[in-house]
>>> print(open('final-v9.csv').read())   # CSV, C-alpha atoms
chain,number,residue,atom,x,y,z
A,1,MET,CA,100.6,94.1,85.7
A,2,LEU,CA,103.4,96.1,84.0
A,3,GLU,CA,105.9,95.2,86.8
A,4,LYS,CA,105.1,91.5,86.3
A,5,GLN,CA,105.4,91.8,82.5
A,6,LEU,CA,108.8,93.3,82.9
A,7,MET,CA,110.2,91.0,85.6
A,8,VAL,CA,108.7,87.7,84.7
A,9,LYS,CA,107.2,87.8,81.2
A,10,GLY,CA,108.0,89.6,78.0
A,11,GLY,CA,110.5,92.0,79.6
A,12,ARG,CA,112.9,89.2,80.1
A,13,TRP,CA,113.6,89.2,76.3
A,14,VAL,CA,114.9,92.7,76.6
A,15,ALA,CA,116.7,92.6,80.0
A,16,GLU,CA,116.9,90.7,83.2
A,17,PHE,CA,115.1,92.9,85.7
A,18,THR,CA,116.0,91.6,89.1
A,19,GLU,CA,115.1,94.4,91.5
A,20,SER,CA,112.0,96.5,91.8
A,21,GLU,CA,111.3,99.4,94.1
A,22,ARG,CA,108.2,101.4,94.6
A,23,ASN,CA,108.1,105.2,95.1
A,24,TYR,CA,111.7,105.6,93.9
A,25,LYS,CA,113.2,109.1,94.1
A,26,VAL,CA,115.5,110.5,91.5
A,27,GLY,CA,116.3,114.1,92.4
A,28,ASN,CA,113.0,115.9,92.9
A,29,LEU,CA,111.1,113.3,91.0
A,30,THR,CA,109.3,110.3,92.5
A,31,PHE,CA,108.7,107.4,90.1
A,32,ASP,CA,106.0,104.9,91.0
A,33,ILE,CA,108.2,102.0,90.2
A,34,CYS,CA,111.9,101.6,89.4
A,35,LEU,CA,113.2,98.3,88.1
A,36,ARG,CA,116.9,97.5,87.8
A,37,GLY,CA,118.9,94.7,86.4
A,38,GLY,CA,121.3,93.7,83.7
A,39,THR,CA,121.4,92.3,80.1
A,40,ARG,CA,123.0,89.0,81.1
A,41,THR,CA,120.3,86.4,81.5
A,42,LYS,CA,120.3,83.9,84.2
A,43,GLY,CA,119.3,80.3,83.7
A,44,LEU,CA,120.8,76.8,83.6
A,45,PHE,CA,124.3,76.0,82.7
A,46,LEU,CA,124.2,76.4,78.9
A,47,SER,CA,122.1,79.6,79.0
A,48,ARG,CA,124.6,81.1,81.4
A,49,ILE,CA,127.6,80.2,79.3
A,50,LEU,CA,125.9,81.5,76.1
A,51,SER,CA,124.9,84.8,77.8
A,52,TYR,CA,128.4,85.2,79.2
A,53,PHE,CA,130.0,85.0,75.8
A,54,VAL,CA,127.3,86.5,73.6
A,55,LEU,CA,125.4,89.2,75.5
A,56,PRO,CA,126.9,92.5,76.6
A,57,ASN,CA,127.1,93.2,80.4
A,58,TYR,CA,125.0,96.4,80.6
A,59,GLN,CA,123.2,97.7,83.7
A,60,VAL,CA,119.6,98.6,82.9
A,61,ALA,CA,116.9,100.6,84.6
A,62,CYS,CA,113.2,101.1,83.9
A,63,TYR,CA,111.2,104.0,85.5
A,64,VAL,CA,107.5,103.9,85.6
A,65,MET,CA,105.3,106.9,86.3
A,66,LYS,CA,101.5,107.3,86.3
A,67,ILE,CA,100.3,110.6,84.9
A,68,ALA,CA,96.9,112.2,85.2
A,69,SER,CA,96.6,112.8,81.4
A,70,SER,CA,98.7,112.5,78.4
A,71,ASN,CA,97.9,116.1,77.6
A,72,ILE,CA,100.5,117.2,80.2
A,73,ILE,CA,103.3,115.7,78.0
A,74,SER,CA,105.3,118.4,76.3
A,75,SER,CA,109.0,118.6,75.3
A,76,ASN,CA,109.6,120.5,78.5
A,77,PHE,CA,107.9,117.9,80.6
A,78,LEU,CA,109.9,115.1,78.9
A,79,ARG,CA,113.1,117.1,79.4
A,80,LYS,CA,112.3,117.4,83.1
A,81,LEU,CA,111.9,113.6,83.4
A,82,LEU,CA,114.8,112.6,81.2
A,83,LEU,CA,117.4,114.9,82.7
A,84,PRO,CA,117.6,113.2,86.1
A,85,ILE,CA,117.3,109.8,84.5
A,86,ARG,CA,120.2,110.5,82.3
A,87,GLU,CA,122.3,112.0,85.1
A,88,LYS,CA,121.6,109.0,87.3
A,89,ALA,CA,122.5,106.7,84.4
A,90,LYS,CA,125.8,108.4,83.9
A,91,GLU,CA,126.5,108.3,87.7
A,92,GLU,CA,125.7,104.6,88.1
A,93,GLU,CA,126.9,103.5,84.6
A,94,VAL,CA,123.4,102.4,83.6
A,95,LYS,CA,123.6,101.9,79.8
A,96,TRP,CA,120.0,101.2,78.9
A,97,ASN,CA,117.1,103.1,80.4
A,98,TRP,CA,113.4,103.1,79.8
A,99,LEU,CA,110.7,105.5,80.9
A,100,PHE,CA,107.2,104.2,81.0
A,101,LEU,CA,104.4,106.7,81.3
A,102,ILE,CA,101.0,105.4,82.1
A,103,SER,CA,97.9,107.5,81.4
A,104,GLU,CA,94.2,106.6,81.0
A,105,ASP,CA,93.4,108.6,77.9
A,106,GLU,CA,94.6,108.2,74.4
A,107,PRO,CA,97.6,110.4,73.5
A,108,SER,CA,97.0,113.0,70.8
A,109,ALA,CA,98.9,112.8,67.5
A,110,LYS,CA,101.1,115.6,68.7
A,111,VAL,CA,102.1,113.9,71.9
A,112,ALA,CA,102.7,110.6,70.1
A,113,LYS,CA,105.0,112.3,67.6
A,114,LEU,CA,106.9,114.0,70.4
A,115,ILE,CA,107.5,110.6,72.1
A,116,GLU,CA,108.4,108.9,68.8
A,117,GLU,CA,111.0,111.6,68.0
A,118,GLN,CA,112.7,111.9,71.3
A,119,PRO,CA,116.4,112.4,70.6
A,120,TYR,CA,118.2,110.3,73.2
A,121,GLU,CA,119.5,106.9,72.2
A,122,GLU,CA,120.1,105.6,75.7
A,123,VAL,CA,116.5,106.1,76.9
A,124,GLY,CA,113.5,104.4,75.5
A,125,ILE,CA,110.1,106.1,76.2
A,126,LEU,CA,106.8,104.3,76.1
A,127,LEU,CA,103.4,105.9,76.8
A,128,TYR,CA,100.8,103.3,77.7
A,129,SER,CA,97.2,104.2,77.5
A,130,SER,CA,95.5,101.9,80.0
A,131,ARG,CA,91.9,102.5,78.8
A,132,LEU,CA,92.7,101.7,75.1
A,133,ARG,CA,95.6,99.4,75.8
A,134,SER,CA,97.7,101.1,73.2
A,135,VAL,CA,101.3,102.1,73.3
A,136,ALA,CA,103.1,105.1,71.8
A,137,TYR,CA,106.9,104.6,71.8
A,138,SER,CA,110.1,106.2,70.9
A,139,HIS,CA,111.4,105.0,67.6
A,140,ASN,CA,114.9,104.3,68.9
A,141,LEU,CA,116.3,100.8,69.5
A,142,LEU,CA,115.3,100.6,73.1
A,143,GLY,CA,111.7,101.8,72.5
A,144,LYS,CA,111.1,99.5,69.6
A,145,ARG,CA,112.6,96.5,71.3
A,146,MET,CA,110.6,97.0,74.5
A,147,LYS,CA,107.3,97.6,72.6
A,148,ALA,CA,107.9,94.4,70.6
A,149,CYS,CA,108.4,92.2,73.7
A,150,LEU,CA,105.7,93.4,76.0
A,151,LYS,CA,102.2,92.2,75.8
A,152,LEU,CA,100.2,94.9,77.4
B,1,MET,CA,95.7,89.6,114.0
B,2,THR,CA,98.8,87.5,113.4
B,3,GLU,CA,99.0,85.7,110.1
B,4,LYS,CA,101.2,82.6,109.8
B,5,VAL,CA,102.5,81.0,106.6
B,6,SER,CA,104.5,77.8,106.7
B,7,PRO,CA,104.0,75.6,103.7
B,8,ILE,CA,105.8,72.3,103.5
B,9,ARG,CA,107.9,72.0,100.3
B,10,PHE,CA,107.5,68.4,99.4
B,11,PHE,CA,109.9,68.6,96.5
B,12,GLU,CA,112.7,69.5,99.0
B,13,ILE,CA,111.8,66.5,101.1
B,14,PHE,CA,111.9,64.4,98.0
B,15,LYS,CA,115.3,65.7,97.0
B,16,LEU,CA,116.8,64.9,100.5
B,17,SER,CA,115.1,61.5,100.5
B,18,VAL,CA,116.8,60.6,97.1
B,19,VAL,CA,120.2,61.6,98.6
B,20,PHE,CA,119.6,59.4,101.7
B,21,LEU,CA,118.3,56.5,99.5
B,22,ALA,CA,121.4,56.8,97.3
B,23,VAL,CA,123.7,56.7,100.4
B,24,GLN,CA,121.9,53.5,101.6
B,25,MET,CA,122.2,51.9,98.2
B,26,GLY,CA,125.9,52.8,98.2
B,27,ALA,CA,126.3,51.3,101.6
B,28,THR,CA,125.1,47.8,100.3
B,29,LEU,CA,128.3,47.8,98.1
B,30,VAL,CA,130.5,47.8,101.1
B,31,MET,CA,128.5,45.6,103.6
B,32,PRO,CA,129.4,41.9,104.1
B,33,VAL,CA,127.5,39.6,101.7
B,34,TRP,CA,126.1,37.4,104.5
B,35,PHE,CA,124.6,40.5,106.1
B,36,TYR,CA,123.2,41.8,102.8
B,37,ASP,CA,121.6,38.3,102.3
B,38,ILE,CA,119.8,38.7,105.6
B,39,ILE,CA,118.4,42.2,105.0
B,40,ARG,CA,117.7,41.8,101.2
B,41,PRO,CA,114.0,40.8,101.5
B,42,TYR,CA,113.2,44.0,103.4
B,43,PHE,CA,115.9,46.3,102.2
B,44,LEU,CA,114.0,48.4,99.6
B,45,PHE,CA,111.0,49.0,101.9
B,46,VAL,CA,113.2,49.9,104.9
B,47,ALA,CA,115.6,52.0,102.8
B,48,VAL,CA,112.7,54.0,101.3
B,49,ALA,CA,111.0,54.5,104.6
B,50,THR,CA,114.1,55.6,106.4
B,51,SER,CA,115.1,57.9,103.5
B,52,VAL,CA,111.7,59.7,103.7
B,53,LEU,CA,111.9,59.9,107.4
B,54,LEU,CA,115.4,61.2,107.4
B,55,GLY,CA,114.6,63.6,104.6
B,56,TYR,CA,111.6,65.0,106.5
B,57,ILE,CA,113.7,65.4,109.8
B,58,VAL,CA,116.6,67.1,108.0
B,59,TYR,CA,114.1,69.4,106.0
B,60,ILE,CA,112.3,70.5,109.2
B,61,ARG,CA,115.5,71.1,111.1
B,62,THR,CA,117.4,73.0,108.3
B,63,GLN,CA,115.2,74.2,105.4
B,64,HIS,CA,111.6,74.7,106.6
B,65,VAL,CA,110.6,78.3,106.5
B,66,GLU,CA,107.8,79.8,108.6
B,67,LEU,CA,106.7,83.4,108.6
B,68,SER,CA,104.3,85.0,111.1
B,69,TYR,CA,103.5,88.6,110.8
B,70,ASP,CA,101.1,91.3,111.9
B,71,HIS,CA,100.9,95.1,111.5
B,72,THR,CA,103.8,95.6,114.1
B,73,GLY,CA,106.4,93.1,112.9
B,74,PHE,CA,107.3,89.7,111.7
B,75,SER,CA,109.0,86.5,112.9
B,76,LEU,CA,110.9,84.4,110.3
B,77,LYS,CA,111.9,80.9,111.3
B,78,ARG,CA,114.4,79.1,109.1
B,79,GLY,CA,115.0,75.6,110.4
B,80,LYS,CA,115.9,76.2,114.0
B,81,SER,CA,116.9,79.8,113.8
B,82,VAL,CA,114.3,82.5,114.5
B,83,GLU,CA,114.5,86.2,113.5
B,84,THR,CA,112.0,88.6,115.0
B,85,ARG,CA,111.9,92.2,113.7
B,86,ARG,CA,109.6,95.2,113.7
B,87,TRP,CA,108.5,96.9,110.5
B,88,THR,CA,109.7,100.3,111.9
B,89,GLU,CA,113.3,99.0,111.7
B,90,PHE,CA,113.2,99.3,107.9
B,91,HIS,CA,112.5,102.0,105.4
B,92,LYS,CA,113.0,100.4,102.0
B,93,VAL,CA,111.1,97.5,100.5
B,94,LEU,CA,112.5,95.8,97.4
B,95,LEU,CA,111.2,93.0,95.4
B,96,VAL,CA,114.2,90.9,94.2
B,97,ARG,CA,114.3,88.0,91.8
B,98,THR,CA,117.2,85.6,92.2
B,99,ASP,CA,117.7,82.5,90.0
B,100,GLY,CA,114.1,81.6,90.1
B,101,ASP,CA,113.0,82.7,93.5
B,102,PHE,CA,111.5,86.0,94.6
B,103,LEU,CA,112.5,87.7,97.8
B,104,VAL,CA,111.2,90.7,99.6
B,105,ARG,CA,114.3,92.6,100.8
B,106,LEU,CA,113.7,94.9,103.7
B,107,GLN,CA,116.5,97.5,104.0
B,108,ASP,CA,117.7,100.0,106.5
B,109,LYS,CA,121.3,99.9,108.0
B,110,GLU,CA,121.1,96.1,107.5
B,111,SER,CA,118.8,94.1,105.3
B,112,VAL,CA,116.6,91.1,105.9
B,113,GLU,CA,115.2,88.9,103.1
B,114,LEU,CA,111.8,87.3,103.2
B,115,PRO,CA,111.8,84.3,100.9
B,116,VAL,CA,108.4,84.7,99.4
B,117,SER,CA,108.7,82.0,96.7
B,118,LYS,CA,109.7,79.5,99.4
B,119,LEU,CA,106.7,80.6,101.4
B,120,LYS,CA,104.5,80.1,98.3
B,121,LEU,CA,103.1,83.6,98.5
B,122,ASP,CA,102.4,85.8,95.5
B,123,PRO,CA,105.5,88.0,95.4
B,124,PHE,CA,103.9,91.1,93.9
B,125,SER,CA,100.9,91.3,96.3
B,126,PHE,CA,103.0,90.3,99.4
B,127,ARG,CA,105.5,93.1,98.6
B,128,MET,CA,102.6,95.6,98.5
B,129,LYS,CA,101.4,94.3,101.8
B,130,THR,CA,104.9,94.6,103.3
B,131,LEU,CA,105.3,98.1,101.9
B,132,ARG,CA,102.0,99.1,103.5
B,133,PHE,CA,103.1,97.7,106.9
B,134,VAL,CA,106.4,99.5,106.7
B,135,GLU,CA,104.9,102.8,105.6
B,136,GLU,CA,102.1,102.6,108.3
B,137,SER,CA,104.5,101.7,111.1
B,138,ARG,CA,106.9,104.5,110.2
B,139,ARG,CA,104.0,107.0,110.0
B,140,GLY,CA,102.8,105.7,113.4
B,141,GLY,CA,106.3,105.8,114.9
B,142,SER,CA,107.2,109.3,113.8
>>> encode(input="final-v9.csv", output="structure tokens")
Amino acid sequence: MLEKQLMVKGGRWVAEFTESERNYKVGNLTFDICLRGGTRTKGLFLSRILSYFVLPNYQVACYVMKIASSNIISSNFLRKLLLPIREKAKEEEVKWNWLFLISEDEPSAKVAKLIEEQPYEEVGILLYSSRLRSVAYSHNLLGKRMKACLKL
Amino acid sequence: MTEKVSPIRFFEIFKLSVVFLAVQMGATLVMPVWFYDIIRPYFLFVAVATSVLLGYIVYIRTQHVELSYDHTGFSLKRGKSVETRRWTEFHKVLLVRTDGDFLVRLQDKESVELPVSKLKLDPFSFRMKTLRFVEESRRGGS
């Protein structure tokens, strides 16, 4: 569902995700899904011209990981996930990155605050609670934009 | 059990037919008037019929896609060319979106693309199916 949202539906307002891979390995970590793409939208003649002149040409990536419970999220846990993502981004010149964490339970206020206040500008973090269909997100540009565009 | 998917894309036949019809319409401009006078009563009917027929023949020979697959491998037929591969030949399965079409890209040293949108399959579920085939065949092979 999330993959479809990102590739075909709301995600297209944020970036054009053109490639999706399951069980994607970054360092020692395995993400359930990795989506890659760019910020230049494709379309008919006029949309292409407009996106060529107006939109920046950034590479983007979105990593999705299912976690057993939101209680395992700590600053250390986030650092462990974000470090390889940021290294990979630097290596492959990926300017915008998102990390989607999916859990069944609702995150505690402490976990939600931890996600909201994550310090990196180039990574947007979203924690989706599948039972309650609620999203906690980082309050940086990428997190806010992605949250606004997806209908989960 | 082998599954076979080969939908006919009527819109492609329609597009080719329009091209052939336009060519026949254009041909009337250069044909002698006495000849045009003879064929005029039947021209539209004959032109439409031959355009559809030619469109269908060209479509089948060049653009029609047929995929047959089972748990060991697949056979992809595009027009007259046929490509038969085994799932063990690949280790990576990607879902790729091009201008409006979805493809399942199978990668190893070389890559093969299965045009899922042209086959009118659901790209997300077919990718999962392909991934399962690839993982199972590699597990069985190793």
>>> interface_residues(input="final-v9.csv", of="chain B", to="chain A", cutoff="9 Å", atoms="all atoms listed in the file", output="VMD selection string")
chain B and resid 92 to 100 124 128 131
>>> closest_residue(input="final-v9.csv", among="A:Glu87, A:Glu93, A:Glu122, A:Asp32", to="Asn57 of chain A", atoms="only C-alpha atoms")
A:Glu93
>>> residues_around(input="final-v9.csv", residues="Val64 of chain A", least_positions_apart="3", cutoff="8 Å", atoms="only C-alpha atoms", output="list in words")
Phe31, Asp32, Ile33, Cys34, Leu99, Phe100, Leu101 and Ile102 of chain A
>>> write_last_selection(input="final-v9.csv", atoms="C-alpha atoms", output="PDB file, in the frame of the given file")
ATOM      1  CA  PHE A  31     108.700 107.400  90.100  1.00  0.00           C
ATOM      2  CA  ASP A  32     106.000 104.900  91.000  1.00  0.00           C
ATOM      3  CA  ILE A  33     108.200 102.000  90.200  1.00  0.00           C
ATOM      4  CA  CYS A  34     111.900 101.600  89.400  1.00  0.00           C
ATOM      5  CA  LEU A  99     110.700 105.500  80.900  1.00  0.00           C
ATOM      6  CA  PHE A 100     107.200 104.200  81.000  1.00  0.00           C
ATOM      7  CA  LEU A 101     104.400 106.700  81.300  1.00  0.00           C
ATOM      8  CA  ILE A 102     101.000 105.400  82.100  1.00  0.00           C
TER       9      ILE A 102
END
>>> atom_distance(input="final-v9.csv", atom1="atom CA of Arg105 of chain B", atom2="atom CA of His91 of chain B")
10.6 Å
>>> closest_residue(input="final-v9.csv", among="A:Leu142, A:Ile49, A:Arg86, A:Ser103", to="Leu127 of chain A", atoms="all atoms listed in the file")
A:Ser103
>>> atom_distance(input="final-v9.csv", atom1="atom CA of Met146 of chain A", atom2="atom CA of Trp96 of chain A")
11.2 Å
>>> residues_around(input="final-v9.csv", residues="segment 64-74 of chain B", least_positions_apart="5", cutoff="10 Å", atoms="all atoms listed in the file", output="number ranges by chain")
B: 1-9, 12-13, 56, 58-59, 79-89, 114-116, 118-119, 129-130, 132-134, 136-137
>>> residues_around(input="final-v9.csv", residues="segment 37-50 of chain B", least_positions_apart="6", cutoff="9 Å", atoms="only C-alpha atoms", output="list in words")
Ser17, Val18, Phe20, Leu21, Gln24 and Met25 of chain B
>>> residues_around(input="final-v9.csv", residues="Asn140 of chain A", least_positions_apart="4", cutoff="12 Å", atoms="all atoms listed in the file", output="list in words")
Trp96, Asn97, Trp98, Ile115, Glu116, Glu117, Gln118, Pro119, Tyr120, Glu121, Glu122, Val123, Gly124, Ile125, Leu126, Lys144, Arg145, Met146 and Lys147 of chain A
>>> atom_distance(input="final-v9.csv", atom1="atom CA of Leu114 of chain A", atom2="atom CA of Ser129 of chain A")
15.5 Å
>>> residues_around(input="final-v9.csv", residues="Leu55 of chain A", least_positions_apart="5", cutoff="8 Å", atoms="all atoms listed in the file", output="PyMOL selection string")
chain A and resi 39-40+50
>>> residues_near_point(input="final-v9.csv", point="(98.9, 91.4, 78.2)", cutoff="10 Å", atoms="all atoms listed in the file", output="list in words")
Met1, Leu2, Gln5, Lys9, Gly10, Arg133, Leu150, Lys151 and Leu152 of chain A
>>> closest_residue(input="final-v9.csv", among="A:Phe53, A:Tyr58, A:Phe45, A:Tyr128", to="Ala15 of chain A", atoms="only C-alpha atoms")
A:Tyr58
